[in-house]
Amino acid sequence: MANYGPQDFDRRHNLTANWVWELPKGTQNKSLGHVLNNWQLAGIYHYQSGQPYGIGFNVTNYGNANLTGSFTEGARIVLLKNPGSGHSGDPYHQFDVTAFGAPNVGSLGLESGRNYMTRSPINYWDLSLTKKIVLREKMKIEARFDAFNAFNRTQFNGVNTNASFASPGNTAVTNVANELTNRNGFGSINSVRPPRNCQWMLRFEF
């Protein structure tokens, strides 16, 4: 049962929704209508559950063979209590770092399961604003502005999942993250997804 858990590629929820809204006419005046009329707003919303993951560890001066007596099945970190979901809005505390302890000598590799937490979900809006200008019956100009991740929401990605211990059986993690002295420590975000941008496009139709 120690190997029972979600696959690394598991995404429990995956939602994509898109919509188009033809904005109401702003005026009946023909001249002003070239500016105020024929606008279109469209968008795509995407949500996807985060990637499952577990916690690794290292013990000072102890390798796998010292803990298990073999070079095959490795020891696993001890799960002392519920560590939480595995993600939060605090980049330095993605889970409860006090929920883990080092395995003891003689480990059978059964201290914890696999992939019992998930990384932050993907959650963003892409928006586009389009303006059509009709010059003649068969001639149009379309101006388009696209904003990817329009609300500039930070998308957390990687997490420091490696806990350090001074000795076997120890429950004090020595590399815990904090905002002042160890920003990249255990439990912190160590990468974000690349930022998305905005762009203009001008298209002519004949």
# chains A, B, ... in the order shown; residues from 1 in each chain; ligands from 1
>>> residues_around(residues="segment 32-41 of chain A", least_positions_apart="5", cutoff="6 Å", atoms="only C-alpha atoms", output="list in words")
Val20, Trp21, Glu22, Leu23, Lys25, Gly26, Thr27, Ser128, Leu129, Thr130, Lys131 and Lys132 of chain A
>>> write_last_selection(atoms="N, CA and C atoms", output="JSON list (two decimals), in the first residue's frame")
[["chain", "number", "residue", "atom", "x", "y", "z"],
["A", 20, "VAL", "N", -18.08, 34.91, -25.92],
["A", 20, "VAL", "CA", -17.96, 36.07, -26.81],
["A", 20, "VAL", "C", -19.16, 36.99, -26.53],
["A", 21, "TRP", "N", -18.90, 38.27, -26.39],
["A", 21, "TRP", "CA", -19.95, 39.25, -26.12],
["A", 21, "TRP", "C", -19.84, 40.40, -27.13],
["A", 22, "GLU", "N", -20.86, 40.54, -27.95],
["A", 22, "GLU", "CA", -20.95, 41.67, -28.85],
["A", 22, "GLU", "C", -21.48, 42.86, -28.04],
["A", 23, "LEU", "N", -20.63, 43.85, -27.81],
["A", 23, "LEU", "CA", -21.02, 44.97, -26.96],
["A", 23, "LEU", "C", -22.12, 45.80, -27.62],
["A", 25, "LYS", "N", -24.33, 48.84, -29.11],
["A", 25, "LYS", "CA", -23.94, 50.04, -29.83],
["A", 25, "LYS", "C", -23.96, 51.25, -28.91],
["A", 26, "GLY", "N", -22.92, 52.08, -29.03],
["A", 26, "GLY", "CA", -22.83, 53.24, -28.15],
["A", 26, "GLY", "C", -23.52, 54.47, -28.69],
["A", 27, "THR", "N", -23.79, 54.49, -29.98],
["A", 27, "THR", "CA", -24.43, 55.66, -30.58],
["A", 27, "THR", "C", -25.06, 55.28, -31.90],
["A", 128, "SER", "N", -9.76, 39.21, -24.87],
["A", 128, "SER", "CA", -9.46, 39.92, -26.11],
["A", 128, "SER", "C", -10.55, 40.95, -26.37],
["A", 129, "LEU", "N", -10.13, 42.10, -26.84],
["A", 129, "LEU", "CA", -11.05, 43.19, -27.19],
["A", 129, "LEU", "C", -10.84, 43.50, -28.67],
["A", 130, "THR", "N", -11.91, 43.43, -29.45],
["A", 130, "THR", "CA", -11.82, 43.59, -30.90],
["A", 130, "THR", "C", -12.71, 44.73, -31.37],
["A", 131, "LYS", "N", -12.18, 45.52, -32.29],
["A", 131, "LYS", "CA", -12.93, 46.63, -32.87],
["A", 131, "LYS", "C", -12.91, 46.48, -34.39],
["A", 132, "LYS", "N", -14.10, 46.45, -35.00],
["A", 132, "LYS", "CA", -14.21, 46.38, -36.44],
["A", 132, "LYS", "C", -14.66, 47.73, -36.99]]
>>> residues_around(residues="Glu73 of chain A", least_positions_apart="6", cutoff="12 Å", atoms="only C-alpha atoms", output="PDB file with N, CA, C and O atoms, in the first residue's frame")
ATOM      1  N   ALA A   2       2.161   1.143   0.299  1.00  0.00           N
ATOM      2  CA  ALA A   2       3.012   2.330   0.359  1.00  0.00           C
ATOM      3  C   ALA A   2       3.144   2.995  -1.006  1.00  0.00           C
ATOM      4  O   ALA A   2       3.427   4.199  -1.086  1.00  0.00           O
ATOM      5  N   ASN A   3       2.959   2.238  -2.080  1.00  0.00           N
ATOM      6  CA  ASN A   3       3.068   2.807  -3.423  1.00  0.00           C
ATOM      7  C   ASN A   3       1.720   3.193  -4.013  1.00  0.00           C
ATOM      8  O   ASN A   3       1.651   3.602  -5.176  1.00  0.00           O
ATOM      9  N   ASN A  64      20.926   5.779   2.022  1.00  0.00           N
ATOM     10  CA  ASN A  64      19.861   4.792   2.049  1.00  0.00           C
ATOM     11  C   ASN A  64      20.304   3.468   2.664  1.00  0.00           C
ATOM     12  O   ASN A  64      19.582   2.859   3.454  1.00  0.00           O
ATOM     13  N   ALA A  65      21.504   3.029   2.320  1.00  0.00           N
ATOM     14  CA  ALA A  65      21.990   1.756   2.852  1.00  0.00           C
ATOM     15  C   ALA A  65      22.149   1.794   4.372  1.00  0.00           C
ATOM     16  O   ALA A  65      21.975   0.777   5.052  1.00  0.00           O
ATOM     17  N   LEU A  67      20.214   3.406   6.386  1.00  0.00           N
ATOM     18  CA  LEU A  67      18.880   3.418   7.002  1.00  0.00           C
ATOM     19  C   LEU A  67      18.128   2.105   6.807  1.00  0.00           C
ATOM     20  O   LEU A  67      17.419   1.650   7.704  1.00  0.00           O
ATOM     21  N   GLY A 106      16.919   0.957  10.155  1.00  0.00           N
ATOM     22  CA  GLY A 106      16.088  -0.245  10.104  1.00  0.00           C
ATOM     23  C   GLY A 106      14.791  -0.025   9.346  1.00  0.00           C
ATOM     24  O   GLY A 106      13.902  -0.887   9.371  1.00  0.00           O
ATOM     25  N   SER A 107      14.674   1.082   8.668  1.00  0.00           N
ATOM     26  CA  SER A 107      13.466   1.411   7.908  1.00  0.00           C
ATOM     27  C   SER A 107      13.159   0.357   6.854  1.00  0.00           C
ATOM     28  O   SER A 107      14.051  -0.197   6.215  1.00  0.00           O
ATOM     29  N   LEU A 108      11.861   0.105   6.645  1.00  0.00           N
ATOM     30  CA  LEU A 108      11.398  -0.795   5.581  1.00  0.00           C
ATOM     31  C   LEU A 108      10.836  -0.023   4.386  1.00  0.00           C
ATOM     32  O   LEU A 108      10.320  -0.623   3.441  1.00  0.00           O
ATOM     33  N   GLY A 109      10.926   1.288   4.445  1.00  0.00           N
ATOM     34  CA  GLY A 109      10.402   2.106   3.356  1.00  0.00           C
ATOM     35  C   GLY A 109       8.897   2.230   3.354  1.00  0.00           C
ATOM     36  O   GLY A 109       8.289   2.451   2.295  1.00  0.00           O
ATOM     37  N   LEU A 110       8.277   2.109   4.526  1.00  0.00           N
ATOM     38  CA  LEU A 110       6.818   2.136   4.624  1.00  0.00           C
ATOM     39  C   LEU A 110       6.305   3.314   5.459  1.00  0.00           C
ATOM     40  O   LEU A 110       5.151   3.314   5.879  1.00  0.00           O
TER      41      LEU A 110
END
>>> select_by_dssp(residues="segment 2-194 of chain A", states="helix (DSSP H, G or I)", output="ChimeraX atom specification")
/A:30-36,64-68,97-99
>>> write_last_selection(atoms="C-alpha atoms", output="short mmCIF file (atom, residue, chain, number, x, y, z; two decimals), in the first residue's frame")
data_model
loop_
_atom_site.label_atom_id
_atom_site.label_comp_id
_atom_site.auth_asym_id
_atom_site.auth_seq_id
_atom_site.Cartn_x
_atom_site.Cartn_y
_atom_site.Cartn_z
CA LYS A 30 -22.69 57.37 -38.12
CA SER A 31 -19.49 59.34 -37.58
CA LEU A 32 -19.19 58.55 -33.86
CA GLY A 33 -20.16 54.98 -34.61
CA HIS A 34 -16.77 54.41 -36.24
CA VAL A 35 -15.31 54.80 -32.75
CA LEU A 36 -18.05 53.70 -30.32
CA ASN A 64 19.86 4.79 2.05
CA ALA A 65 21.99 1.76 2.85
CA ASN A 66 22.61 3.10 6.38
CA LEU A 67 18.88 3.42 7.00
CA THR A 68 17.50 0.29 5.32
CA VAL A 97 6.57 21.62 7.75
CA THR A 98 6.10 20.20 11.27
CA ALA A 99 4.21 17.23 9.81
#
>>> select_by_dssp(residues="chain A", states="strand (DSSP E or B)", output="ChimeraX atom specification")
/A:14-22,39-48,52-53,56-59,62,78-79,100-101,117-118,122-136,139-147,156,159,162-165,176,178,182,186,189,192,198-205
>>> atom_distance(atom1="atom CA of Asn58 of chain A", atom2="atom CA of Asn162 of chain A")
7.3 Å
>>> closest_residue(among="A:Arg119, A:His46, A:Arg144, A:Arg136", to="Ile189 of chain A", atoms="only C-alpha atoms")
A:Arg119
